[in-house]
file final19.txt (compact mmCIF, N, CA and C atoms and all ligand atoms)
# COMPACT_ATOMS: atom_id res chain seq x y z
N MET A 1 78.21 33.76 133.57
CA MET A 1 77.90 34.09 132.19
C MET A 1 77.81 35.61 132.03
N LYS A 2 78.31 36.08 130.92
CA LYS A 2 78.33 37.53 130.67
C LYS A 2 76.92 38.08 130.47
N GLU A 3 76.72 39.26 131.07
CA GLU A 3 75.44 39.96 130.87
C GLU A 3 75.30 40.31 129.38
N LYS A 4 74.07 40.33 128.90
CA LYS A 4 73.85 40.63 127.48
C LYS A 4 73.75 42.15 127.28
N TYR A 5 74.56 42.66 126.39
CA TYR A 5 74.59 44.08 126.09
C TYR A 5 73.98 44.34 124.71
N PRO A 6 73.48 45.56 124.49
CA PRO A 6 72.96 45.87 123.16
C PRO A 6 74.07 45.80 122.11
N VAL A 7 73.68 45.53 120.91
CA VAL A 7 74.62 45.47 119.79
C VAL A 7 74.93 46.90 119.34
N VAL A 8 76.21 47.18 119.08
CA VAL A 8 76.58 48.50 118.56
C VAL A 8 75.90 48.67 117.20
N GLU A 9 75.17 49.76 117.06
CA GLU A 9 74.35 49.97 115.85
C GLU A 9 75.15 50.05 114.56
N LYS A 10 76.38 50.53 114.66
CA LYS A 10 77.16 50.74 113.43
C LYS A 10 77.72 49.47 112.82
N ASN A 11 77.64 48.32 113.51
CA ASN A 11 78.13 47.08 112.91
C ASN A 11 77.45 46.85 111.57
N VAL A 12 78.24 46.45 110.56
CA VAL A 12 77.59 46.03 109.32
C VAL A 12 77.03 44.62 109.57
N SER A 13 75.93 44.31 108.97
CA SER A 13 75.29 43.04 109.26
C SER A 13 76.14 41.88 108.74
N GLY A 14 76.04 40.78 109.45
CA GLY A 14 76.79 39.59 109.06
C GLY A 14 77.17 38.75 110.26
N ARG A 15 78.14 37.89 110.04
CA ARG A 15 78.51 36.88 111.04
C ARG A 15 79.03 37.47 112.36
N TYR A 16 79.81 38.54 112.30
CA TYR A 16 80.46 39.08 113.50
C TYR A 16 79.84 40.41 113.91
N TYR A 17 79.85 40.69 115.21
CA TYR A 17 79.39 42.00 115.68
C TYR A 17 80.03 42.32 117.03
N VAL A 18 79.99 43.60 117.40
CA VAL A 18 80.51 44.07 118.68
C VAL A 18 79.33 44.56 119.50
N ASP A 19 79.36 44.29 120.80
CA ASP A 19 78.29 44.82 121.66
C ASP A 19 78.80 46.01 122.49
N GLU A 20 77.88 46.65 123.18
CA GLU A 20 78.19 47.91 123.88
C GLU A 20 78.96 47.73 125.19
N SER A 21 79.42 46.53 125.47
CA SER A 21 80.31 46.36 126.63
C SER A 21 81.74 46.76 126.26
N CYS A 22 81.96 47.06 124.99
CA CYS A 22 83.28 47.48 124.50
C CYS A 22 83.79 48.67 125.33
N ILE A 23 85.05 48.57 125.74
CA ILE A 23 85.65 49.66 126.54
C ILE A 23 86.60 50.52 125.70
N TYR A 24 86.58 50.30 124.38
CA TYR A 24 87.32 51.17 123.47
C TYR A 24 88.83 51.09 123.70
N CYS A 25 89.31 49.84 123.87
CA CYS A 25 90.75 49.68 124.08
C CYS A 25 91.50 49.71 122.76
N GLU A 26 90.79 49.50 121.65
CA GLU A 26 91.31 49.57 120.29
C GLU A 26 92.16 48.36 119.88
N TYR A 27 92.22 47.33 120.71
CA TYR A 27 92.98 46.13 120.34
C TYR A 27 92.50 45.56 119.01
N CYS A 28 91.20 45.40 118.86
CA CYS A 28 90.67 44.79 117.63
C CYS A 28 90.93 45.68 116.41
N VAL A 29 90.86 46.99 116.60
CA VAL A 29 91.08 47.91 115.49
C VAL A 29 92.53 47.83 115.02
N GLU A 30 93.44 47.68 115.97
CA GLU A 30 94.87 47.55 115.61
C GLU A 30 95.14 46.17 115.02
N ASN A 31 94.50 45.16 115.52
CA ASN A 31 94.74 43.78 115.09
C ASN A 31 94.09 43.45 113.74
N ALA A 32 92.93 43.99 113.49
CA ALA A 32 92.20 43.69 112.24
C ALA A 32 91.62 45.00 111.71
N SER A 33 92.51 45.88 111.30
CA SER A 33 92.09 47.24 110.91
C SER A 33 91.19 47.25 109.68
N GLY A 34 91.24 46.19 108.88
CA GLY A 34 90.38 46.16 107.70
C GLY A 34 88.93 45.82 108.02
N ASN A 35 88.69 45.30 109.23
CA ASN A 35 87.34 44.86 109.58
C ASN A 35 86.72 45.62 110.75
N PHE A 36 87.58 46.20 111.60
CA PHE A 36 87.06 46.96 112.75
C PHE A 36 87.38 48.43 112.56
N THR A 37 86.48 49.26 113.04
CA THR A 37 86.70 50.71 113.04
C THR A 37 86.26 51.20 114.42
N HIS A 38 86.88 52.28 114.88
CA HIS A 38 86.41 52.82 116.15
C HIS A 38 85.53 54.04 115.91
N ASP A 39 84.63 54.20 116.81
CA ASP A 39 83.69 55.31 116.75
C ASP A 39 84.06 56.23 117.91
N PRO A 40 84.90 57.24 117.67
CA PRO A 40 85.39 58.08 118.77
C PRO A 40 84.27 58.85 119.49
N LYS A 41 83.20 59.13 118.77
CA LYS A 41 82.11 59.88 119.41
C LYS A 41 81.42 59.04 120.49
N ASN A 42 81.09 57.79 120.13
CA ASN A 42 80.39 56.93 121.09
C ASN A 42 81.32 56.02 121.88
N ARG A 43 82.60 56.00 121.51
CA ARG A 43 83.64 55.24 122.19
C ARG A 43 83.36 53.73 122.18
N PHE A 44 83.02 53.24 121.00
CA PHE A 44 82.88 51.80 120.75
C PHE A 44 83.69 51.46 119.51
N ALA A 45 84.11 50.20 119.42
CA ALA A 45 84.59 49.67 118.15
C ALA A 45 83.40 48.97 117.51
N TYR A 46 83.47 48.78 116.21
CA TYR A 46 82.41 48.05 115.53
C TYR A 46 82.96 47.38 114.28
N ILE A 47 82.21 46.41 113.78
CA ILE A 47 82.59 45.73 112.54
C ILE A 47 82.19 46.63 111.38
N SER A 48 83.19 47.12 110.67
CA SER A 48 82.91 48.01 109.54
C SER A 48 82.91 47.23 108.22
N LYS A 49 83.49 46.04 108.24
CA LYS A 49 83.45 45.17 107.05
C LYS A 49 83.54 43.72 107.51
N GLN A 50 82.61 42.93 107.07
CA GLN A 50 82.66 41.50 107.40
C GLN A 50 83.83 40.87 106.63
N PRO A 51 84.45 39.82 107.20
CA PRO A 51 85.62 39.23 106.53
C PRO A 51 85.25 38.60 105.19
N GLU A 52 86.22 38.67 104.28
CA GLU A 52 86.00 38.11 102.95
C GLU A 52 86.96 36.98 102.63
N ASN A 53 87.86 36.67 103.56
CA ASN A 53 88.80 35.58 103.32
C ASN A 53 89.29 35.01 104.66
N ASP A 54 90.05 33.93 104.58
CA ASP A 54 90.51 33.24 105.80
C ASP A 54 91.44 34.11 106.64
N ILE A 55 92.26 34.91 105.99
CA ILE A 55 93.19 35.77 106.76
C ILE A 55 92.39 36.74 107.62
N GLU A 56 91.37 37.35 107.04
CA GLU A 56 90.54 38.30 107.81
C GLU A 56 89.78 37.56 108.92
N ARG A 57 89.29 36.36 108.63
CA ARG A 57 88.59 35.60 109.68
C ARG A 57 89.54 35.25 110.82
N GLN A 58 90.78 34.91 110.49
CA GLN A 58 91.76 34.60 111.53
C GLN A 58 92.08 35.84 112.38
N GLN A 59 92.19 37.00 111.72
CA GLN A 59 92.45 38.23 112.48
C GLN A 59 91.29 38.55 113.41
N ILE A 60 90.07 38.32 112.94
CA ILE A 60 88.92 38.57 113.81
C ILE A 60 88.89 37.56 114.95
N SER A 61 89.22 36.30 114.67
CA SER A 61 89.25 35.29 115.75
C SER A 61 90.27 35.68 116.81
N LYS A 62 91.42 36.20 116.36
CA LYS A 62 92.44 36.64 117.32
C LYS A 62 91.90 37.82 118.14
N SER A 63 91.15 38.70 117.50
CA SER A 63 90.56 39.84 118.22
C SER A 63 89.53 39.36 119.24
N ILE A 64 88.75 38.35 118.87
CA ILE A 64 87.76 37.80 119.80
C ILE A 64 88.47 37.24 121.03
N GLU A 65 89.54 36.49 120.79
CA GLU A 65 90.30 35.90 121.91
C GLU A 65 90.93 36.97 122.79
N GLY A 66 91.41 38.05 122.16
CA GLY A 66 92.14 39.07 122.93
C GLY A 66 91.28 40.19 123.48
N CYS A 67 90.03 40.24 123.11
CA CYS A 67 89.15 41.32 123.59
C CYS A 67 88.98 41.19 125.11
N PRO A 68 89.37 42.21 125.88
CA PRO A 68 89.33 42.10 127.34
C PRO A 68 87.93 42.00 127.92
N THR A 69 86.94 42.45 127.18
CA THR A 69 85.57 42.45 127.70
C THR A 69 84.67 41.44 126.99
N LYS A 70 85.25 40.65 126.11
CA LYS A 70 84.48 39.65 125.34
C LYS A 70 83.28 40.31 124.65
N SER A 71 83.57 41.44 124.00
CA SER A 71 82.50 42.21 123.35
C SER A 71 82.30 41.85 121.88
N ILE A 72 83.19 41.02 121.33
CA ILE A 72 83.09 40.66 119.92
C ILE A 72 82.44 39.29 119.83
N HIS A 73 81.45 39.17 118.97
CA HIS A 73 80.67 37.93 118.90
C HIS A 73 80.69 37.33 117.50
N ASP A 74 80.66 36.01 117.49
CA ASP A 74 80.63 35.26 116.25
C ASP A 74 79.32 34.48 116.24
N THR A 75 78.43 34.80 115.29
CA THR A 75 77.14 34.12 115.23
C THR A 75 77.27 32.76 114.52
N HIS A 76 78.43 32.53 113.93
CA HIS A 76 78.70 31.30 113.17
C HIS A 76 77.77 31.14 111.97
N GLU A 77 77.17 32.25 111.55
CA GLU A 77 76.36 32.18 110.32
C GLU A 77 77.30 32.05 109.14
N PRO A 78 76.96 31.20 108.19
CA PRO A 78 77.82 31.12 107.01
C PRO A 78 77.81 32.45 106.26
N ALA A 79 78.95 32.80 105.71
CA ALA A 79 79.06 34.06 104.96
C ALA A 79 78.17 34.00 103.73
N LYS A 80 77.63 35.18 103.36
CA LYS A 80 76.83 35.24 102.14
C LYS A 80 77.72 34.84 100.97
N GLY A 81 77.17 34.10 100.07
CA GLY A 81 77.93 33.71 98.88
C GLY A 81 78.71 32.43 99.03
N TRP A 82 78.62 31.75 100.20
CA TRP A 82 79.40 30.52 100.38
C TRP A 82 78.96 29.45 99.39
N ARG A 83 77.66 29.47 99.04
CA ARG A 83 77.19 28.45 98.09
C ARG A 83 77.78 28.71 96.70
N SER A 84 77.70 29.97 96.27
CA SER A 84 78.22 30.25 94.92
C SER A 84 79.72 30.04 94.85
N SER A 85 80.44 30.24 95.99
CA SER A 85 81.89 29.99 95.96
C SER A 85 82.20 28.52 95.75
N LEU A 86 81.23 27.65 96.07
CA LEU A 86 81.40 26.21 95.83
C LEU A 86 80.80 25.79 94.49
N GLY A 87 80.24 26.76 93.78
CA GLY A 87 79.62 26.45 92.50
C GLY A 87 78.18 25.97 92.66
N LEU A 88 77.58 26.24 93.85
CA LEU A 88 76.20 25.80 94.11
C LEU A 88 75.23 26.94 93.83
N ASP A 89 73.99 26.57 93.54
CA ASP A 89 72.92 27.54 93.42
C ASP A 89 72.64 28.10 94.80
N GLU A 90 72.31 29.40 94.92
CA GLU A 90 72.07 30.03 96.23
C GLU A 90 70.86 29.44 96.95
N SER A 91 70.00 28.71 96.25
CA SER A 91 68.83 28.11 96.91
C SER A 91 69.17 26.74 97.51
N THR A 92 70.39 26.29 97.37
CA THR A 92 70.77 24.98 97.91
C THR A 92 70.72 25.00 99.43
N THR A 93 70.07 24.02 100.01
CA THR A 93 70.00 23.90 101.46
C THR A 93 70.63 22.57 101.87
N PRO A 94 70.93 22.42 103.18
CA PRO A 94 71.51 21.14 103.60
C PRO A 94 70.64 19.94 103.23
N THR A 95 69.31 20.16 103.19
CA THR A 95 68.44 19.04 102.85
C THR A 95 68.47 18.72 101.36
N SER A 96 68.97 19.66 100.58
CA SER A 96 69.07 19.39 99.14
C SER A 96 70.52 19.19 98.73
N ILE A 97 71.32 18.72 99.67
CA ILE A 97 72.74 18.59 99.41
C ILE A 97 73.03 17.60 98.27
N GLY A 98 72.17 16.60 98.12
CA GLY A 98 72.35 15.67 97.02
C GLY A 98 72.30 16.42 95.69
N GLY A 99 71.32 17.32 95.58
CA GLY A 99 71.22 18.14 94.38
C GLY A 99 72.42 19.07 94.26
N GLY A 100 72.90 19.55 95.42
CA GLY A 100 74.08 20.43 95.42
C GLY A 100 75.31 19.71 94.89
N VAL A 101 75.47 18.46 95.29
CA VAL A 101 76.61 17.68 94.80
C VAL A 101 76.53 17.55 93.29
N MET A 102 75.32 17.33 92.79
CA MET A 102 75.14 17.23 91.34
C MET A 102 75.49 18.57 90.66
N GLN A 103 75.13 19.70 91.31
CA GLN A 103 75.48 21.01 90.74
C GLN A 103 76.99 21.18 90.65
N ILE A 104 77.70 20.74 91.69
CA ILE A 104 79.16 20.86 91.69
C ILE A 104 79.74 20.02 90.54
N ILE A 105 79.25 18.81 90.41
CA ILE A 105 79.78 17.92 89.38
C ILE A 105 79.49 18.48 87.98
N THR A 106 78.25 18.92 87.75
CA THR A 106 77.94 19.45 86.42
C THR A 106 78.69 20.76 86.17
N GLY A 107 78.86 21.58 87.23
CA GLY A 107 79.64 22.82 87.09
C GLY A 107 81.08 22.52 86.73
N TRP A 108 81.63 21.48 87.34
CA TRP A 108 83.01 21.10 87.07
C TRP A 108 83.17 20.65 85.62
N PHE A 109 82.19 19.87 85.15
CA PHE A 109 82.26 19.42 83.75
C PHE A 109 82.11 20.59 82.79
N ARG A 110 81.27 21.58 83.14
CA ARG A 110 81.09 22.73 82.26
C ARG A 110 82.40 23.51 82.14
N LYS A 111 83.13 23.65 83.28
CA LYS A 111 84.40 24.38 83.25
C LYS A 111 85.45 23.64 82.43
N LYS A 112 85.35 22.31 82.40
CA LYS A 112 86.35 21.51 81.67
C LYS A 112 86.22 21.70 80.16
N LYS A 113 85.00 22.11 79.69
CA LYS A 113 84.79 22.22 78.24
C LYS A 113 85.52 23.42 77.67
S1 LIG B 201 89.07 44.57 121.66
FE1 LIG B 201 87.03 44.52 122.62
S2 LIG B 201 87.06 46.17 124.14
FE2 LIG B 201 88.80 46.53 122.78
S3 LIG B 201 87.98 47.95 121.24
FE3 LIG B 201 87.72 45.88 120.41
S4 LIG B 201 85.65 45.27 121.03
FE4 LIG B 201 86.23 47.04 122.29

call {"tool": "encode", "arguments": {"input": "final19.txt", "output": "structure tokens"}}
result
Amino acid sequence: MKEKYPVVEKNVSGRYYVDESCIYCEYCVENASGNFTHDPKNRFAYISKQPENDIERQQISKSIEGCPTKSIHDTHEPAKGWRSSLGLDESTTPTSIGGGVMQIITGWFRKKK
């Protein structure tokens, strides 16, 4: 199992992050330039923007697979706003999914009007 390294401080908060085992090969920056940036001073790459769509998530997944040091991590946290993208209230939780389904249905009917 890989030793645990500190998280690169410049990562923007969210689902993905880079740790300090990064060897600055720049693969991820070339592969997903919209989400990774390199820090030439400290010689790390970091997540400069969390993905906002499936294409960006796929590019990050490819970077995770290709990272030679396995320095890119996926916390599998749902992206902020996933509830509103489904038409759900942000307070909806898995335990209130029944209420969430009702929100989707009523939201759908409101859009139909
Ligand atoms: S692919 Fe991995 S080692 Fe290479 S720059 Fe990105 S995080 Fe660092």

call {"tool": "residues_around", "arguments": {"input": "final19.txt", "residues": "Pro51 (chain A)", "least_positions_apart": "3", "cutoff": "6.5 Å", "atoms": "all atoms listed in the file", "output": "count of residues only"}}
result
3

call {"tool": "residues_around", "arguments": {"input": "final19.txt", "residues": "Pro6 (chain A)", "least_positions_apart": "3", "cutoff": "10 Å", "atoms": "only C-alpha atoms", "output": "list in words"}}
result
Glu9, Val18, Asp19, Glu20 and Ser21 of chain A

call {"tool": "closest_residue", "arguments": {"input": "final19.txt", "among": "A:Val12, A:Ile64, A:Val7, A:Ile104", "to": "ligand LIG 201 (chain B)", "atoms": "only N, CA and C atoms and all ligand atoms"}}
result
A:Ile64

call {"tool": "residues_around", "arguments": {"input": "final19.txt", "residues": "Cys25 (chain A)", "least_positions_apart": "6", "cutoff": "8 Å", "atoms": "only N, CA and C atoms", "output": "list in words"}}
result
Arg43, Phe44, Ala45 and Pro68 of chain A

call {"tool": "residues_around", "arguments": {"input": "final19.txt", "residues": "Arg15 (chain A)", "least_positions_apart": "4", "cutoff": "8 Å", "atoms": "only C-alpha atoms", "output": "VMD selection string"}}
result
chain A and resid 50 74 to 79

call {"tool": "residues_near_ligand", "arguments": {"input": "final19.txt", "ligand": "ligand LIG 201 (chain B)", "cutoff": "5 Å", "atoms": "all atoms listed in the file", "output": "list of chain:residue names"}}
result
A:Cys22, A:Ile23, A:Tyr24, A:Cys25, A:Glu26, A:Tyr27, A:Cys28, A:Ala45, A:Cys67, A:Pro68, A:Thr69, A:Ser71, A:Ile72

call {"tool": "atom_distance", "arguments": {"input": "final19.txt", "atom1": "atom C of Gln103 (chain A)", "atom2": "atom C of Ile55 (chain A)"}}
result
27.7 Å

call {"tool": "select_by_dssp", "arguments": {"input": "final19.txt", "residues": "chain A", "states": "strand (DSSP E or B)", "output": "list in words"}}
result
Val7, Tyr16, Tyr17, Val18, Asp19, Phe36, Thr37, His38, Asp39, Phe44, Ala45, Tyr46, Ile47, Ile72, His73 and Asp74 of chain A

call {"tool": "write_last_selection", "arguments": {"input": "final19.txt", "atoms": "N, CA and C atoms", "output": "PDB file, keeping the file's coordinate frame"}}
result
ATOM      1  N   VAL A   7      73.680  45.530 120.910  1.00  0.00           N
ATOM      2  CA  VAL A   7      74.620  45.470 119.790  1.00  0.00           C
ATOM      3  C   VAL A   7      74.930  46.900 119.340  1.00  0.00           C
ATOM      4  N   TYR A  16      79.810  38.540 112.300  1.00  0.00           N
ATOM      5  CA  TYR A  16      80.460  39.080 113.500  1.00  0.00           C
ATOM      6  C   TYR A  16      79.840  40.410 113.910  1.00  0.00           C
ATOM      7  N   TYR A  17      79.850  40.690 115.210  1.00  0.00           N
ATOM      8  CA  TYR A  17      79.390  42.000 115.680  1.00  0.00           C
ATOM      9  C   TYR A  17      80.030  42.320 117.030  1.00  0.00           C
ATOM     10  N   VAL A  18      79.990  43.600 117.400  1.00  0.00           N
ATOM     11  CA  VAL A  18      80.510  44.070 118.680  1.00  0.00           C
ATOM     12  C   VAL A  18      79.330  44.560 119.500  1.00  0.00           C
ATOM     13  N   ASP A  19      79.360  44.290 120.800  1.00  0.00           N
ATOM     14  CA  ASP A  19      78.290  44.820 121.660  1.00  0.00           C
ATOM     15  C   ASP A  19      78.800  46.010 122.490  1.00  0.00           C
ATOM     16  N   PHE A  36      87.580  46.200 111.600  1.00  0.00           N
ATOM     17  CA  PHE A  36      87.060  46.960 112.750  1.00  0.00           C
ATOM     18  C   PHE A  36      87.380  48.430 112.560  1.00  0.00           C
ATOM     19  N   THR A  37      86.480  49.260 113.040  1.00  0.00           N
ATOM     20  CA  THR A  37      86.700  50.710 113.040  1.00  0.00           C
ATOM     21  C   THR A  37      86.260  51.200 114.420  1.00  0.00           C
ATOM     22  N   HIS A  38      86.880  52.280 114.880  1.00  0.00           N
ATOM     23  CA  HIS A  38      86.410  52.820 116.150  1.00  0.00           C
ATOM     24  C   HIS A  38      85.530  54.040 115.910  1.00  0.00           C
ATOM     25  N   ASP A  39      84.630  54.200 116.810  1.00  0.00           N
ATOM     26  CA  ASP A  39      83.690  55.310 116.750  1.00  0.00           C
ATOM     27  C   ASP A  39      84.060  56.230 117.910  1.00  0.00           C
ATOM     28  N   PHE A  44      83.020  53.240 121.000  1.00  0.00           N
ATOM     29  CA  PHE A  44      82.880  51.800 120.750  1.00  0.00           C
ATOM     30  C   PHE A  44      83.690  51.460 119.510  1.00  0.00           C
ATOM     31  N   ALA A  45      84.110  50.200 119.420  1.00  0.00           N
ATOM     32  CA  ALA A  45      84.590  49.670 118.150  1.00  0.00           C
ATOM     33  C   ALA A  45      83.400  48.970 117.510  1.00  0.00           C
ATOM     34  N   TYR A  46      83.470  48.780 116.210  1.00  0.00           N
ATOM     35  CA  TYR A  46      82.410  48.050 115.530  1.00  0.00           C
ATOM     36  C   TYR A  46      82.960  47.380 114.280  1.00  0.00           C
ATOM     37  N   ILE A  47      82.210  46.410 113.780  1.00  0.00           N
ATOM     38  CA  ILE A  47      82.590  45.730 112.540  1.00  0.00           C
ATOM     39  C   ILE A  47      82.190  46.630 111.380  1.00  0.00           C
ATOM     40  N   ILE A  72      83.190  41.020 121.330  1.00  0.00           N
ATOM     41  CA  ILE A  72      83.090  40.660 119.920  1.00  0.00           C
ATOM     42  C   ILE A  72      82.440  39.290 119.830  1.00  0.00           C
ATOM     43  N   HIS A  73      81.450  39.170 118.970  1.00  0.00           N
ATOM     44  CA  HIS A  73      80.670  37.930 118.900  1.00  0.00           C
ATOM     45  C   HIS A  73      80.690  37.330 117.500  1.00  0.00           C
ATOM     46  N   ASP A  74      80.660  36.010 117.490  1.00  0.00           N
ATOM     47  CA  ASP A  74      80.630  35.260 116.250  1.00  0.00           C
ATOM     48  C   ASP A  74      79.320  34.480 116.240  1.00  0.00           C
TER      49      ASP A  74
END

call {"tool": "atom_distance", "arguments": {"input": "final19.txt", "atom1": "CA of Ala32 (chain A)", "atom2": "CA of Ile60 (chain A)"}}
result
6.3 Å

call {"tool": "decode", "arguments": {"input": "final19.txt", "residues": "region 35-53 of chain A", "atoms": "N, CA and C atoms", "output": "PDB file, in the first residue's frame"}}
result
ATOM      1  N   ASN A  35      -8.063  21.330 -15.786  1.00  0.00           N
ATOM      2  CA  ASN A  35      -8.282  21.001 -14.378  1.00  0.00           C
ATOM      3  C   ASN A  35      -6.996  20.922 -13.556  1.00  0.00           C
ATOM      4  N   PHE A  36      -5.874  20.665 -14.236  1.00  0.00           N
ATOM      5  CA  PHE A  36      -4.592  20.581 -13.517  1.00  0.00           C
ATOM      6  C   PHE A  36      -3.705  21.750 -13.930  1.00  0.00           C
ATOM      7  N   THR A  37      -2.926  22.210 -12.980  1.00  0.00           N
ATOM      8  CA  THR A  37      -1.934  23.256 -13.246  1.00  0.00           C
ATOM      9  C   THR A  37      -0.655  22.812 -12.556  1.00  0.00           C
ATOM     10  N   HIS A  38       0.484  23.217 -13.104  1.00  0.00           N
ATOM     11  CA  HIS A  38       1.722  22.881 -12.400  1.00  0.00           C
ATOM     12  C   HIS A  38       2.234  24.094 -11.638  1.00  0.00           C
ATOM     13  N   ASP A  39       2.885  23.786 -10.572  1.00  0.00           N
ATOM     14  CA  ASP A  39       3.457  24.815  -9.707  1.00  0.00           C
ATOM     15  C   ASP A  39       4.967  24.691  -9.865  1.00  0.00           C
ATOM     16  N   PRO A  40       5.572  25.471 -10.772  1.00  0.00           N
ATOM     17  CA  PRO A  40       7.006  25.306 -11.052  1.00  0.00           C
ATOM     18  C   PRO A  40       7.890  25.604  -9.843  1.00  0.00           C
ATOM     19  N   LYS A  41       7.415  26.454  -8.957  1.00  0.00           N
ATOM     20  CA  LYS A  41       8.232  26.787  -7.784  1.00  0.00           C
ATOM     21  C   LYS A  41       8.383  25.577  -6.856  1.00  0.00           C
ATOM     22  N   ASN A  42       7.249  24.929  -6.560  1.00  0.00           N
ATOM     23  CA  ASN A  42       7.291  23.786  -5.634  1.00  0.00           C
ATOM     24  C   ASN A  42       7.390  22.447  -6.344  1.00  0.00           C
ATOM     25  N   ARG A  43       7.273  22.459  -7.678  1.00  0.00           N
ATOM     26  CA  ARG A  43       7.405  21.274  -8.515  1.00  0.00           C
ATOM     27  C   ARG A  43       6.366  20.199  -8.189  1.00  0.00           C
ATOM     28  N   PHE A  44       5.120  20.650  -8.085  1.00  0.00           N
ATOM     29  CA  PHE A  44       3.968  19.755  -7.947  1.00  0.00           C
ATOM     30  C   PHE A  44       2.935  20.158  -8.986  1.00  0.00           C
ATOM     31  N   ALA A  45       2.090  19.210  -9.365  1.00  0.00           N
ATOM     32  CA  ALA A  45       0.868  19.552 -10.084  1.00  0.00           C
ATOM     33  C   ALA A  45      -0.228  19.634  -9.027  1.00  0.00           C
ATOM     34  N   TYR A  46      -1.307  20.320  -9.362  1.00  0.00           N
ATOM     35  CA  TYR A  46      -2.428  20.392  -8.432  1.00  0.00           C
ATOM     36  C   TYR A  46      -3.717  20.601  -9.209  1.00  0.00           C
ATOM     37  N   ILE A  47      -4.834  20.320  -8.544  1.00  0.00           N
ATOM     38  CA  ILE A  47      -6.146  20.542  -9.153  1.00  0.00           C
ATOM     39  C   ILE A  47      -6.459  22.030  -9.035  1.00  0.00           C
ATOM     40  N   SER A  48      -6.519  22.687 -10.181  1.00  0.00           N
ATOM     41  CA  SER A  48      -6.807  24.126 -10.179  1.00  0.00           C
ATOM     42  C   SER A  48      -8.293  24.396 -10.422  1.00  0.00           C
ATOM     43  N   LYS A  49      -8.994  23.388 -10.938  1.00  0.00           N
ATOM     44  CA  LYS A  49     -10.450  23.515 -11.122  1.00  0.00           C
ATOM     45  C   LYS A  49     -11.060  22.120 -11.056  1.00  0.00           C
ATOM     46  N   GLN A  50     -12.031  21.961 -10.201  1.00  0.00           N
ATOM     47  CA  GLN A  50     -12.730  20.671 -10.132  1.00  0.00           C
ATOM     48  C   GLN A  50     -13.560  20.500 -11.407  1.00  0.00           C
ATOM     49  N   PRO A  51     -13.756  19.254 -11.854  1.00  0.00           N
ATOM     50  CA  PRO A  51     -14.485  19.050 -13.114  1.00  0.00           C
ATOM     51  C   PRO A  51     -15.937  19.496 -13.014  1.00  0.00           C
ATOM     52  N   GLU A  52     -16.431  19.972 -14.149  1.00  0.00           N
ATOM     53  CA  GLU A  52     -17.816  20.446 -14.198  1.00  0.00           C
ATOM     54  C   GLU A  52     -18.676  19.640 -15.157  1.00  0.00           C
ATOM     55  N   ASN A  53     -18.075  18.669 -15.828  1.00  0.00           N
ATOM     56  CA  ASN A  53     -18.856  17.847 -16.760  1.00  0.00           C
ATOM     57  C   ASN A  53     -18.179  16.480 -16.930  1.00  0.00           C
TER      58      ASN A  53
END
